[in-house]
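> Below are the structure tokens for one structure; questions will follow.
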Amino acid sequence: MARTRGSWTGGTLTAGSVLKPQDVARAVFHPAWIPQPLDPSVERLKRFRVIAGAVASLGVYTFVEGGFDLTELLENAMTASVVLLFLTPLTVGAMLWVWRRGGTVRQLRTPLLRSLALLVLFVGCVAAVLLLVRTVNASASIAAIIGFGMTMLWLLAFTASGAVRVSGNFFGTAAVHRCLPPLLAMVTSWLVAVPDLVTGDLHGLSLTLGIVFILGAPLTVTAIALLEMRRLKRRYGIRLNTHPATHPPVPGPVPPMPPAGSPHVPPQGNPYGHPYAPNGQHPYAPHPQAPYAPHPQPPYHPQHPYRG
């Protein structure tokens with residue numbers, strides 16, 4: 001089903017989608033108003049950035065130190081979400097001040113409000129999952145555990161799938177400026193790592209593993225984000241320090257060529273040949289015997305009547 005640009009979900013959700021939380025998350029956390037990617041190479045870089053950003057946001061040490069703990073993981077995610085709730089508007093506000101000479105905030109009001117709504121929605125989902133987990137752990141009723149547990153599992157899958165989506169589009173900020181998602185990924189990854197670097201808290205890891213896990217992710221995110229912004233600048237003229245209204249129009253995604261023999265592609269040339277050609281041949285093409293060649297001479301040789 002085609003995505004409708006005027007709606008949030010693009011008309012992709014159906015009644016059966018409720019049974020598939022990943023499909024609901026795809027429609028909700030990657031809305032139809034987010035612009036399509038410009039370049040497949042930039043999109044591949046974005047996937048690597050998402051992986052490195054997840055390592056920085058959740059912390060590999062959660063799995064290394066003392067095994068896996070869902071409550072601790074959700075608490076770390078909640079802390080990162082609250083940080084994003086304040087950091088993202090602050091970073092975007094700083095860029096609006098940088099762009100003030102090229103345009104106005106009024107021109108970007110609609111995508112700004114939509115991105116903020118997407119950010120608040122995601123933070124609310126993380127808080128709801130953490131609340132359900134604590135409720136299930138503290139409940140002594142079998143019925144409550146089953147009821148809240150099923151809701152918790154659905155919402156957990158929905159939020160986890162949504163986290164992958166918002167990590168790629170960074171809450172739809174590409175609708176404001178194409179360079180905002182890589183910029184926000186850099187700022188967030190370093191802000192998560194800086195407290196551990198300042199306090200020297202390696203979370204029980206050795207010095208080597210602590211440096212790898214704390215610095216590895218933000219350095220990787222920074223390198224990929226800078227390369228992503230460099231390609232946007234060189235190929236499409238999109239610069240981070242200029243207002244989006246001053247950017248040249250970018251081409252839309254190039255549709256793939258239809259395969260050979262497609263029923264939607266008319267056959268090349270005249271399928272019926274030349275209408276006046278005998279046996280489908282051109283009437284003026286070289287031929288061993290033209291269709292209008294003179295007839296053979298009769299077998300006798302008439303004499304001239306006045307020849308002596």
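By order of appearance in the structure tokens: chains A, B, ..., then residues from 1 within every chain, and ligands from 1 in the order shown.
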Pick out the residues sitting within 12 Å of A:Asp23, and hand them over as a PyMOL selection string; count only C-alpha atoms, and ignore anything fewer than 2 positions along from it in its own chain.
chain A and resi 9+12-21+25-31+154+157-162+165
> Export, as a CSV table (one decimal), in the first residue's frame, the selected residues with N, CA and C atoms.

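Generated output (selection_1.csv):
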```
chain,number,residue,atom,x,y,z
A,9,THR,N,1.1,7.7,9.6
A,9,THR,CA,1.5,6.3,9.3
A,9,THR,C,1.4,6.0,7.8
A,12,THR,N,-0.6,2.7,6.2
A,12,THR,CA,0.0,1.3,6.0
A,12,THR,C,-0.5,0.3,7.1
A,13,LEU,N,-1.2,0.9,8.1
A,13,LEU,CA,-1.6,0.0,9.2
A,13,LEU,C,-3.0,-0.5,8.9
A,14,THR,N,-3.2,-1.8,9.3
A,14,THR,CA,-4.5,-2.5,9.2
A,14,THR,C,-4.9,-3.1,10.5
A,15,ALA,N,-6.0,-3.7,10.6
A,15,ALA,CA,-6.5,-4.4,11.8
A,15,ALA,C,-5.5,-5.5,12.2
A,16,GLY,N,-5.0,-6.2,11.2
A,16,GLY,CA,-4.1,-7.3,11.5
A,16,GLY,C,-2.7,-6.9,11.9
A,17,SER,N,-2.4,-5.6,11.8
A,17,SER,CA,-1.1,-5.1,12.2
A,17,SER,C,-0.8,-5.1,13.7
A,18,VAL,N,-1.9,-5.2,14.4
A,18,VAL,CA,-1.8,-5.2,15.9
A,18,VAL,C,-1.1,-6.4,16.4
A,19,LEU,N,-1.2,-7.5,15.6
A,19,LEU,CA,-0.5,-8.7,16.0
A,19,LEU,C,1.0,-8.7,15.6
A,20,LYS,N,1.4,-7.7,14.9
A,20,LYS,CA,2.8,-7.5,14.5
A,20,LYS,C,3.4,-6.2,15.0
A,21,PRO,N,3.9,-6.2,16.3
A,21,PRO,CA,4.4,-4.9,16.8
A,21,PRO,C,5.5,-4.3,16.0
A,25,ALA,N,5.5,-0.5,14.8
A,25,ALA,CA,6.7,0.4,15.1
A,25,ALA,C,7.2,1.0,13.8
A,26,ARG,N,7.2,0.3,12.7
A,26,ARG,CA,7.8,0.8,11.5
A,26,ARG,C,6.9,2.0,11.0
A,27,ALA,N,5.6,1.9,11.1
A,27,ALA,CA,4.7,2.9,10.7
A,27,ALA,C,4.7,4.1,11.6
A,28,VAL,N,4.8,3.9,12.9
A,28,VAL,CA,4.7,4.9,13.9
A,28,VAL,C,6.0,5.7,14.0
A,29,PHE,N,7.1,5.0,14.1
A,29,PHE,CA,8.4,5.6,14.4
A,29,PHE,C,9.2,6.0,13.1
A,30,HIS,N,8.7,5.6,12.0
A,30,HIS,CA,9.3,6.1,10.7
A,30,HIS,C,8.1,6.6,9.9
A,31,PRO,N,7.5,7.8,10.2
A,31,PRO,CA,6.3,8.3,9.6
A,31,PRO,C,6.5,8.6,8.1
A,154,TRP,N,4.5,-7.3,24.3
A,154,TRP,CA,4.1,-6.6,23.0
A,154,TRP,C,4.8,-5.2,23.0
A,157,ALA,N,8.6,-5.4,22.4
A,157,ALA,CA,9.0,-5.6,21.0
A,157,ALA,C,8.7,-4.3,20.1
A,158,PHE,N,7.6,-3.6,20.4
A,158,PHE,CA,7.2,-2.4,19.7
A,158,PHE,C,8.3,-1.3,20.0
A,159,THR,N,8.7,-1.2,21.2
A,159,THR,CA,9.7,-0.1,21.5
A,159,THR,C,11.1,-0.5,21.0
A,160,ALA,N,11.4,-1.7,21.1
A,160,ALA,CA,12.8,-2.1,20.5
A,160,ALA,C,12.8,-1.9,19.0
A,161,SER,N,11.8,-2.3,18.3
A,161,SER,CA,11.7,-2.0,16.9
A,161,SER,C,11.7,-0.5,16.6
A,162,GLY,N,11.0,0.2,17.4
A,162,GLY,CA,11.0,1.7,17.3
A,162,GLY,C,12.3,2.3,17.5
A,165,ARG,N,14.3,2.3,14.4
A,165,ARG,CA,13.8,3.3,13.5
A,165,ARG,C,14.3,4.7,13.8
```
> If we count only C-alpha atoms, what is near A:His177 at a cut-off of 12 Å, once residues fewer than 5 positions away on the same chain are taken out, given as number ranges by chain?
A: 34-35, 92, 95-96, 99, 107-108, 111-112, 115, 169-172, 182-184, 229, 232, 238-247
> Next, write the just-selected residues to a file, as a CSV table (one decimal), in the first residue's frame, keeping C-alpha atoms as the atom set.

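selection_1.csv, freshly written:
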```
chain,number,residue,atom,x,y,z
A,34,ILE,CA,10.2,11.7,6.8
A,35,PRO,CA,12.0,12.3,3.5
A,92,VAL,CA,18.4,21.8,17.2
A,95,MET,CA,21.6,25.0,14.9
A,96,LEU,CA,18.6,27.3,14.4
A,99,TRP,CA,20.9,29.2,10.4
A,107,GLN,CA,9.7,27.9,7.6
A,108,LEU,CA,10.7,24.9,9.7
A,111,PRO,CA,8.9,19.4,10.8
A,112,LEU,CA,10.2,20.7,14.1
A,115,SER,CA,10.1,15.7,15.3
A,169,ASN,CA,16.1,8.9,11.2
A,170,PHE,CA,16.9,10.4,14.7
A,171,PHE,CA,13.2,11.3,15.4
A,172,GLY,CA,12.6,12.6,11.9
A,182,PRO,CA,24.4,12.5,12.0
A,183,LEU,CA,25.1,15.6,14.1
A,184,LEU,CA,22.7,14.5,16.8
A,229,MET,CA,27.8,14.7,6.1
A,232,LEU,CA,25.8,15.0,1.5
A,238,ILE,CA,23.8,20.1,1.6
A,239,ARG,CA,25.8,21.9,4.3
A,240,LEU,CA,25.3,21.7,8.0
A,241,ASN,CA,25.9,25.4,8.6
A,242,THR,CA,23.3,26.7,6.1
A,243,HIS,CA,19.6,27.0,6.5
A,244,PRO,CA,17.6,24.2,4.7
A,245,ALA,CA,15.8,26.9,2.6
A,246,THR,CA,19.0,27.9,0.9
A,247,HIS,CA,19.9,24.3,-0.2
```
> What's the 9 Å shell around A:Val187, counting only C-alpha atoms, without same-chain residues fewer than 3 positions away, as number ranges by chain?
A: 87-88, 91, 182-184, 190-192, 218, 222
> Would you mind reading off the distance between atom CA of A:Phe48 and atom CA of A:Pro181, one decimal, in Å?
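Pair atom CA of A:Phe48 / atom CA of A:Pro181 returns 13.2 Å.
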> Counting only C-alpha atoms, which of A:Ile145, A:Ala94, A:Met150, A:Met78 gets nearest to A:Ala128?
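For A:Ala128, the nearest of the candidates is A:Met78.
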> Quick check, in Å to one decimal: how far apart do atom CA of A:Thr104 and atom CA of A:Pro248 lie?
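That distance, rounded to one decimal, is 17.0 Å.
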> Find the residues near A:Ala127: any atom within 12 Å, counting only C-alpha atoms, skip ones fewer than 6 places away on the same chain, and give them as a VMD selection string.
chain A and resid 71 74 to 82 120 to 121 133 to 134 152 155 to 156 159
> Would you mind writing down, as a PyMOL selection string, each residue of stretch 51-259 of chain A that DSSP on the backbone assigns to helix (DSSP H, G or I)?
chain A and resi 51-58+61-64+70-101+106-138+142-169+173-175+180-199+207-236+244-246
> Measuring between only C-alpha atoms, which one of A:Ala32, A:Leu113, A:Val129, A:Val221 shows the shortest distance to A:Ser167?
A:Val221
> One decimal, in Å: what's the spacing between atom CA of A:Val123 and atom CA of A:Val166?
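Result for atom CA of A:Val123 versus atom CA of A:Val166: 11.1 Å, one decimal.
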> Of the candidates A:Leu118, A:Val42, A:Leu84, A:Leu131, which shows the shortest atom-to-atom distance to A:Cys179, using only C-alpha atoms?
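Counting only C-alpha atoms, the residue closest to A:Cys179 is A:Val42.
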